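Chemist: Structure below; questions to follow.
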Amino acid sequence: MSFASLTFLYFFLPITLFGYCILPHKARNIFLLIANIIFYGWGEPSFLIVILLTTVINFYAGKIMLSKPKHKKHAAVIAILIDLALLFVFKYTTFFLDILRPLVFWTELPYVEIGLPLGISFYTFQVLSYIIDVYRGDVGVQQKFTRFATYMTLFPQLIAGPIVRYRDLADQLEDRKQSVNKFGEGVIQLLVGLSKKVLLANNMGALWEALKLSPSTNGIIGAWVGALAFTLQIYFDFSGYSDMACGLGKMFGFELPINFNYPYISKSITEFWRRWHISLSTWFRDYVYISLGGSRQGKFKTMRNLFVVWFLTGLWHGASWNFVIWGLYYFVLLVIEKVWLLKQLEKMPKLINHIYTMLFVIIGWVIFAFDDFKQLGSYFKALFISENGIISHHAMVLCVSYLPLIIISILACLPLGKQLFSKITTTKTGSVVTAVLCIGAVMLCTASLVAQSYNPFLYFRF
Amino acid sequence: MKKTNLLISIVFCIFFAGMMFLFFIMPKQEFSQNEKRVLEEMPKFSLESLADGSWFSKMDTYFSDHFFARDFWVGLHSYINQTIGLNATEDIYKGEDNWLLEKPITQNSTWTENIKIIEHFAQNHDNIYFMAVPTKGYIMEDKLQKLHDEYPDAQLLNQLKSLLSEEVKFIDVSDVLSENSDVYYKTDHHWTSKGAYIAYSKAGEQMGFTPTPQTEYEIEEYDGFYGTSYSKSGLWATPPDTISLWKQQNLNVNVTITDENRPFSIEYDSMFFTDHLNEPDKYPVFLDGNHALVNLKSNADNDKKLLIIRDSFAHCLAPFLASEYRDIDLIDLRYFKKQTASELIEQNNYDDILFVYGLDTLATDRSLQWLK
């Protein structure tokens, strides 16, 4: 189920909240677990088996690690291997068969179509954080199945993150406080995220879809506006979803970590990755980079570790070469910055830093957008070689029509809105103004959702 | 901040719970007039439909189809898009003076395939006339806002003319329609009776008849016509059109409607099915809308027979032609499939064959593949 759907907002959420609030604290986890399962199973019930199997295996692996210290390592390794194997089978089988086929002349290698269980990339990383942390002794073993299963399937962050480490939620699974204050904050955050997704991301997505079809005919400006539209779409889509997750979490009494911190105001690529999809970067830092020795074993090993991290980061985003290239593209940029460029950037005017960062981020998103190299090639050609003039009539119509929304979207990438909002809330009529803004947002989003039955979320398949 | 959060919490709970409550208590409509489709029924629960996920997707559709005040939300969305400047990205452009205009046709392979099919058909038959009706947006371009995609109609019509010139006599109605006003409805993609009359007069030049003068018709007008452009646009505040029936005093016509899924034919003693005037979309008043085969037998002063291969633009045109041909068959290839057109032609000695198609049907509809 998508958050940005009428079914979720007007049926699942009110019913779940109502049930949750009237139940005594003891019964809340089990109720939430049932709600999670309905949420996950809505649409693709068959994949419930996979996530529930993962839950059971890792729960018992944890128990064994506690009860049989001798076999602690074995249990951890086996659990990790099973988790990774499931992720690999469902997400990467087709990709690797395609690679192997020409390499080893196994022309008989079958062509398989395996459906991707919703959110498998997210929940696999979450459960790995549990096993690794238990092994390292950073967190205690969860003895209650309901609590563990509730963590695994927690619907606010189940499908598109943030990737919440078990240790960050361990205490909250046991005891968490709901309050009107938190609830209200959660509602506002939910609506901010919903507006980002429905009002901005979907419209930018429509512009991108219209411009990506025949990049060569759109002209050079058309191509750049298209790339900008995708850049905006992916940010609002993903950060909107994370905002909704945090907001929903708060409404149920959870505190989830922030996932995006205005990434497009960064002054370097290094800074960008500190602000973009924070929970994923943190995960790779804690469980891959540091496990490999981090930066403490000399330049060569640091480089190798960075390479591994960025190769995997790329691959995590999708089973296709363009994602790997996208990851390695950031590896190269980050190494250049680390070795030389960061110091140079500090001496330059801020504006140059911003332009440099966004330019490379936008180019990165173009690589990200096409898993077909032919299309990718022709889009790059359109970006840098003006074969069909500055802008075609059709592209001009699109760009001018969307201009107000593009400007609003760019402003929404800045912390301006938040600053303005915190000023409003301190005034006398702040409450009323906020309420009116919220109602306005709900009405706009509802109108948009009713009007469009087609509403795919970009990150569902990752 | 605390006060704000309390207020927001209350507002949120009332709004969302209220909307859900309204969904459950409101009676469910079966049919959406604006969308011209049956709305999703409450899906039947079964283990199979649960396992394959179809129950869930049907539930989603059921929720959104019966969402409280659905039309209001759709309208709100359309007006917001207008306000934010997205007019030129919509399927329906809003023009001056409440004109709602379809966006330009986007060409694809269907267009060239259709032309080939018609060319092939025309090589095997004689006395073929071809009337392609340009789109409303092209003819009414001066009512559009400056910012919009280009209409390819002129180019498409020229292509048609040059490709089909040897086999068919092309009736070019583009210029005469442009020269006149009120030839299209503001809220529907079809032409008005006046538009069809102008086309009929133009057809006379090539088909060899003297059109009945306009003064011979008694014109009845009916208000409150909301057409397809209106339904698609979501711009509910647009005022309705007036639909007019042009009736010729001494012309008596018997209409026989045959559909392939109905065992018997329907007979009617007028070309105007006035029951449809009670509906918001009144265009089916002409020949009862879309049917596989419609036969018109008139008391016209000759025994000429005409076959019209057509889309819905012909519904409004055929009544004028009934005074020039005693016997007219109209076939719609979307539904006429038990026989081929050639077989029908062999059984009947048609004097003339007339194609009447809107340009957008020619460019997008694949039913012409049945033309054999």
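Chain lettering (A, B, ...) mirrors the order of the structure tokens, residue numbering begins at 1 for each chain separately, and ligand numbering begins at 1 in order of display.
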Which residues, written as a PyMOL selection string, have at least one atom at most 12 Å from Leu86 (chain B), with only C-alpha atoms counted and residues fewer than 3 positions away on the same chain left out?
Modeler: (chain A and resi 203-204+206-207+397-406) or (chain B and resi 77-83+89-94+145+147-148)
Chemist: Can those selected residues be exported to a file as a short mmCIF file (atom, residue, chain, number, x, y, z; two decimals), in the first residue's frame so that it contains N, CA and C atoms?
Modeler:
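Written output follows (selection_13.cif):
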data_model
loop_
_atom_site.label_atom_id
_atom_site.label_comp_id
_atom_site.auth_asym_id
_atom_site.auth_seq_id
_atom_site.Cartn_x
_atom_site.Cartn_y
_atom_site.Cartn_z
N ASN A 203 4.15 15.97 -10.19
CA ASN A 203 4.15 16.92 -11.31
C ASN A 203 5.52 16.98 -12.00
N MET A 204 6.58 16.99 -11.19
CA MET A 204 7.91 16.99 -11.80
C MET A 204 8.12 15.68 -12.58
N ALA A 206 5.79 14.03 -14.12
CA ALA A 206 5.07 14.15 -15.39
C ALA A 206 5.88 14.95 -16.40
N LEU A 207 6.52 16.01 -15.93
CA LEU A 207 7.35 16.83 -16.82
C LEU A 207 8.53 16.01 -17.34
N VAL A 397 6.56 24.66 -24.66
CA VAL A 397 5.22 24.65 -24.06
C VAL A 397 5.27 23.98 -22.69
N LEU A 398 5.96 22.85 -22.61
CA LEU A 398 6.05 22.14 -21.34
C LEU A 398 6.79 22.96 -20.29
N CYS A 399 7.95 23.52 -20.69
CA CYS A 399 8.78 24.24 -19.72
C CYS A 399 8.06 25.47 -19.19
N VAL A 400 7.41 26.21 -20.08
CA VAL A 400 6.71 27.42 -19.63
C VAL A 400 5.53 27.05 -18.73
N SER A 401 4.81 25.99 -19.11
CA SER A 401 3.65 25.59 -18.30
C SER A 401 4.07 25.19 -16.90
N TYR A 402 5.17 24.45 -16.82
CA TYR A 402 5.60 23.95 -15.52
C TYR A 402 6.47 24.94 -14.75
N LEU A 403 6.79 26.09 -15.37
CA LEU A 403 7.71 27.02 -14.72
C LEU A 403 7.30 27.39 -13.29
N PRO A 404 6.02 27.77 -13.06
CA PRO A 404 5.65 28.10 -11.67
C PRO A 404 5.94 26.96 -10.71
N LEU A 405 5.62 25.73 -11.13
CA LEU A 405 5.84 24.58 -10.25
C LEU A 405 7.32 24.29 -10.06
N ILE A 406 8.11 24.52 -11.11
CA ILE A 406 9.56 24.31 -10.99
C ILE A 406 10.12 25.29 -9.95
N HIS B 77 -9.13 19.74 -8.59
CA HIS B 77 -7.83 19.45 -9.18
C HIS B 77 -7.68 20.17 -10.54
N SER B 78 -8.72 20.11 -11.35
CA SER B 78 -8.64 20.76 -12.67
C SER B 78 -8.46 22.27 -12.52
N TYR B 79 -9.21 22.87 -11.62
CA TYR B 79 -9.12 24.33 -11.47
C TYR B 79 -7.77 24.73 -10.86
N ILE B 80 -7.23 23.89 -9.96
CA ILE B 80 -5.90 24.19 -9.42
C ILE B 80 -4.87 24.16 -10.55
N ASN B 81 -4.95 23.13 -11.39
CA ASN B 81 -4.00 23.03 -12.50
C ASN B 81 -4.11 24.23 -13.43
N GLN B 82 -5.34 24.70 -13.65
CA GLN B 82 -5.51 25.91 -14.46
C GLN B 82 -4.80 27.08 -13.81
N THR B 83 -4.99 27.21 -12.48
CA THR B 83 -4.45 28.36 -11.76
C THR B 83 -2.92 28.36 -11.76
N THR B 89 -0.76 21.56 -20.54
CA THR B 89 -0.34 20.17 -20.36
C THR B 89 -1.52 19.24 -20.17
N GLU B 90 -2.72 19.80 -20.15
CA GLU B 90 -3.91 18.99 -19.93
C GLU B 90 -4.39 18.37 -21.24
N ASP B 91 -5.24 17.36 -21.13
CA ASP B 91 -5.82 16.76 -22.33
C ASP B 91 -6.82 17.70 -22.98
N ILE B 92 -7.44 18.52 -22.16
CA ILE B 92 -8.38 19.51 -22.67
C ILE B 92 -7.85 20.90 -22.34
N TYR B 93 -7.67 21.72 -23.38
CA TYR B 93 -7.26 23.10 -23.15
C TYR B 93 -8.49 23.95 -22.86
N LYS B 94 -8.32 24.88 -21.93
CA LYS B 94 -9.40 25.84 -21.73
C LYS B 94 -9.08 27.06 -22.57
N GLN B 145 -5.39 29.78 -25.79
CA GLN B 145 -4.31 30.60 -25.25
C GLN B 145 -3.09 30.40 -26.14
N LEU B 147 -0.07 29.74 -25.56
CA LEU B 147 0.82 28.63 -25.25
C LEU B 147 0.12 27.29 -25.42
N HIS B 148 0.43 26.61 -26.51
CA HIS B 148 -0.13 25.26 -26.68
C HIS B 148 0.67 24.55 -27.76
#
Chemist: Using only C-alpha atoms and a cut-off of 9 Å, which residues of chain B sit close to chain A? Please list them as an MDAnalysis selection string.
Modeler: chainID B and resid 1:13 15:17 19:20 50:57 59:61 63:65 67 70:78 80 84:89 147:150
Chemist: Which residues in region 192-257 of chain B does DSSP call strand (DSSP E or B)? List them as a CSV table (one decimal) with N, CA and C atoms, in the first residue's frame.
Modeler:
chain,number,residue,atom,x,y,z
B,217,TYR,N,-35.3,24.3,-43.4
B,217,TYR,CA,-35.3,23.6,-42.1
B,217,TYR,C,-36.0,24.3,-41.0
B,218,GLU,N,-36.6,23.5,-40.2
B,218,GLU,CA,-37.2,24.1,-39.0
B,218,GLU,C,-36.2,23.7,-37.8
B,219,ILE,N,-35.6,24.7,-37.2
B,219,ILE,CA,-34.6,24.4,-36.2
B,219,ILE,C,-35.1,24.4,-34.8
B,220,GLU,N,-35.0,23.3,-34.1
B,220,GLU,CA,-35.4,23.2,-32.7
B,220,GLU,C,-34.1,23.3,-31.8
B,221,GLU,N,-34.2,24.1,-30.8
B,221,GLU,CA,-33.0,24.2,-29.9
B,221,GLU,C,-33.2,23.7,-28.5
B,222,TYR,N,-32.2,23.0,-28.0
B,222,TYR,CA,-32.3,22.4,-26.6
B,222,TYR,C,-31.1,22.8,-25.8
B,223,ASP,N,-31.3,23.3,-24.6
B,223,ASP,CA,-30.2,23.8,-23.7
B,223,ASP,C,-29.7,22.6,-22.9
B,224,GLY,N,-28.6,22.9,-22.2
B,224,GLY,CA,-28.1,22.0,-21.2
B,224,GLY,C,-27.3,20.8,-21.7
B,225,PHE,N,-26.6,21.0,-22.8
B,225,PHE,CA,-25.8,19.9,-23.4
B,225,PHE,C,-24.4,20.0,-22.9
B,241,ASP,N,-23.8,23.8,-23.6
B,241,ASP,CA,-24.0,24.1,-25.0
B,241,ASP,C,-25.5,24.0,-25.3
B,242,THR,N,-25.9,24.6,-26.4
B,242,THR,CA,-27.3,24.4,-26.9
B,242,THR,C,-27.1,23.4,-28.1
B,243,ILE,N,-28.0,22.4,-28.2
B,243,ILE,CA,-27.9,21.5,-29.3
B,243,ILE,C,-29.2,21.8,-30.2
B,244,SER,N,-29.0,21.8,-31.5
B,244,SER,CA,-30.1,22.1,-32.4
B,244,SER,C,-30.4,21.0,-33.3
B,245,LEU,N,-31.6,20.7,-33.5
B,245,LEU,CA,-32.1,19.7,-34.5
B,245,LEU,C,-32.6,20.4,-35.7
B,246,TRP,N,-32.1,20.1,-36.8
B,246,TRP,CA,-32.6,20.7,-38.1
B,246,TRP,C,-33.5,19.7,-38.8
B,247,LYS,N,-34.8,20.1,-38.8
B,247,LYS,CA,-35.8,19.1,-39.3
B,247,LYS,C,-36.4,19.7,-40.6
B,248,GLN,N,-36.5,18.7,-41.5
B,248,GLN,CA,-37.0,19.1,-42.8
B,248,GLN,C,-38.5,18.7,-42.9
B,253,VAL,N,-38.4,9.7,-42.6
B,253,VAL,CA,-37.3,8.7,-42.7
B,253,VAL,C,-37.6,7.6,-41.6
B,254,ASN,N,-37.4,6.3,-42.1
B,254,ASN,CA,-37.5,5.2,-41.2
B,254,ASN,C,-36.1,4.7,-40.9
B,255,VAL,N,-35.8,4.6,-39.6
B,255,VAL,CA,-34.5,4.2,-39.2
B,255,VAL,C,-34.5,2.8,-38.7
B,256,THR,N,-33.6,1.9,-39.1
B,256,THR,CA,-33.5,0.6,-38.6
B,256,THR,C,-32.1,0.4,-38.0
B,257,ILE,N,-32.0,0.0,-36.8
B,257,ILE,CA,-30.7,-0.1,-36.1
B,257,ILE,C,-30.4,-1.6,-35.9
Chemist: Between CA of Val285 (chain B) and CA of Phe31 (chain B), what is the spacing in Å?
Modeler: 20.2 Å
Chemist: Give the alpha helix (DSSP H) residues of region 96-253 of chain B, as DSSP finds them on the backbone, and put them as a VMD selection string.
Modeler: chain B and resid 109 to 123 136 to 139 153 to 164 174 to 179 193 to 207 228 to 233
Chemist: Limited to C-alpha atoms, could you put the picked residues into a file as a PDB file, in the first residue's frame?
Modeler:
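Produced file again_19.pdb, reproduced below:
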ATOM      1  CA  SER B 109       2.014   4.287 -36.621  1.00  0.00           C
ATOM      2  CA  THR B 110      -1.782   3.855 -36.555  1.00  0.00           C
ATOM      3  CA  TRP B 111      -2.156   6.857 -38.844  1.00  0.00           C
ATOM      4  CA  THR B 112       0.002   5.469 -41.660  1.00  0.00           C
ATOM      5  CA  GLU B 113      -1.472   1.988 -41.246  1.00  0.00           C
ATOM      6  CA  ASN B 114      -4.989   3.389 -41.525  1.00  0.00           C
ATOM      7  CA  ILE B 115      -4.164   5.293 -44.690  1.00  0.00           C
ATOM      8  CA  LYS B 116      -2.736   2.142 -46.258  1.00  0.00           C
ATOM      9  CA  ILE B 117      -5.871   0.192 -45.375  1.00  0.00           C
ATOM     10  CA  ILE B 118      -8.122   2.814 -46.912  1.00  0.00           C
ATOM     11  CA  GLU B 119      -5.941   3.034 -50.011  1.00  0.00           C
ATOM     12  CA  HIS B 120      -6.119  -0.714 -50.493  1.00  0.00           C
ATOM     13  CA  PHE B 121      -9.873  -0.733 -50.003  1.00  0.00           C
ATOM     14  CA  ALA B 122     -10.374   2.146 -52.412  1.00  0.00           C
ATOM     15  CA  GLN B 123      -8.461   0.399 -55.176  1.00  0.00           C
ATOM     16  CA  LYS B 136     -12.025  21.311 -32.997  1.00  0.00           C
ATOM     17  CA  GLY B 137      -8.794  22.733 -31.623  1.00  0.00           C
ATOM     18  CA  TYR B 138      -7.411  23.262 -35.118  1.00  0.00           C
ATOM     19  CA  ILE B 139     -10.476  25.053 -36.461  1.00  0.00           C
ATOM     20  CA  ASP B 153      -4.321  18.871 -38.910  1.00  0.00           C
ATOM     21  CA  ALA B 154      -3.379  20.844 -42.042  1.00  0.00           C
ATOM     22  CA  GLN B 155      -0.380  18.645 -42.615  1.00  0.00           C
ATOM     23  CA  LEU B 156      -2.376  15.454 -41.966  1.00  0.00           C
ATOM     24  CA  LEU B 157      -5.163  16.520 -44.334  1.00  0.00           C
ATOM     25  CA  ASN B 158      -2.645  17.292 -47.067  1.00  0.00           C
ATOM     26  CA  GLN B 159      -1.038  13.928 -46.588  1.00  0.00           C
ATOM     27  CA  LEU B 160      -4.421  12.239 -46.868  1.00  0.00           C
ATOM     28  CA  LYS B 161      -5.279  14.199 -49.969  1.00  0.00           C
ATOM     29  CA  SER B 162      -2.058  13.443 -51.765  1.00  0.00           C
ATOM     30  CA  LEU B 163      -1.973   9.774 -50.822  1.00  0.00           C
ATOM     31  CA  LEU B 164      -5.614   9.042 -51.629  1.00  0.00           C
ATOM     32  CA  SER B 174     -11.534  22.376 -43.532  1.00  0.00           C
ATOM     33  CA  ASP B 175     -11.813  25.787 -45.208  1.00  0.00           C
ATOM     34  CA  VAL B 176     -15.596  26.081 -45.088  1.00  0.00           C
ATOM     35  CA  LEU B 177     -15.601  25.148 -41.414  1.00  0.00           C
ATOM     36  CA  SER B 178     -12.928  27.740 -40.644  1.00  0.00           C
ATOM     37  CA  GLU B 179     -14.896  30.447 -42.436  1.00  0.00           C
ATOM     38  CA  SER B 193     -25.699  20.648 -36.812  1.00  0.00           C
ATOM     39  CA  LYS B 194     -24.630  23.860 -38.489  1.00  0.00           C
ATOM     40  CA  GLY B 195     -21.132  22.490 -38.986  1.00  0.00           C
ATOM     41  CA  ALA B 196     -22.540  19.278 -40.419  1.00  0.00           C
ATOM     42  CA  TYR B 197     -24.881  21.266 -42.700  1.00  0.00           C
ATOM     43  CA  ILE B 198     -21.924  23.225 -44.059  1.00  0.00           C
ATOM     44  CA  ALA B 199     -20.065  19.990 -44.720  1.00  0.00           C
ATOM     45  CA  TYR B 200     -23.154  18.554 -46.394  1.00  0.00           C
ATOM     46  CA  SER B 201     -23.379  21.588 -48.677  1.00  0.00           C
ATOM     47  CA  LYS B 202     -19.724  21.250 -49.537  1.00  0.00           C
ATOM     48  CA  ALA B 203     -20.181  17.541 -50.252  1.00  0.00           C
ATOM     49  CA  GLY B 204     -22.907  18.420 -52.752  1.00  0.00           C
ATOM     50  CA  GLU B 205     -20.346  20.100 -55.012  1.00  0.00           C
ATOM     51  CA  GLN B 206     -18.518  16.818 -55.497  1.00  0.00           C
ATOM     52  CA  MET B 207     -21.243  14.245 -55.021  1.00  0.00           C
ATOM     53  CA  THR B 228     -17.240  14.864 -23.898  1.00  0.00           C
ATOM     54  CA  SER B 229     -14.783  17.764 -23.676  1.00  0.00           C
ATOM     55  CA  TYR B 230     -16.623  18.922 -20.571  1.00  0.00           C
ATOM     56  CA  SER B 231     -16.516  15.487 -18.949  1.00  0.00           C
ATOM     57  CA  LYS B 232     -12.804  15.098 -19.642  1.00  0.00           C
ATOM     58  CA  SER B 233     -11.864  18.587 -18.505  1.00  0.00           C
TER      59      SER B 233
END
Chemist: Find the spatial neighbours of Phe368 (chain A), counting only C-alpha atoms, within a cut-off of 8 Å - ignore same-chain residues fewer than 6 positions away - and output them as a ChimeraX atom specification.
Modeler: /A:322-323,326
Chemist: Which one is closest to Ser266 (chain A): A:Leu359, A:Leu248, A:Val288, A:Ile325? Count only C-alpha atoms.
Modeler: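 Residue with the minimum atom-to-atom distance to Ser266 (chain A): A:Leu359.
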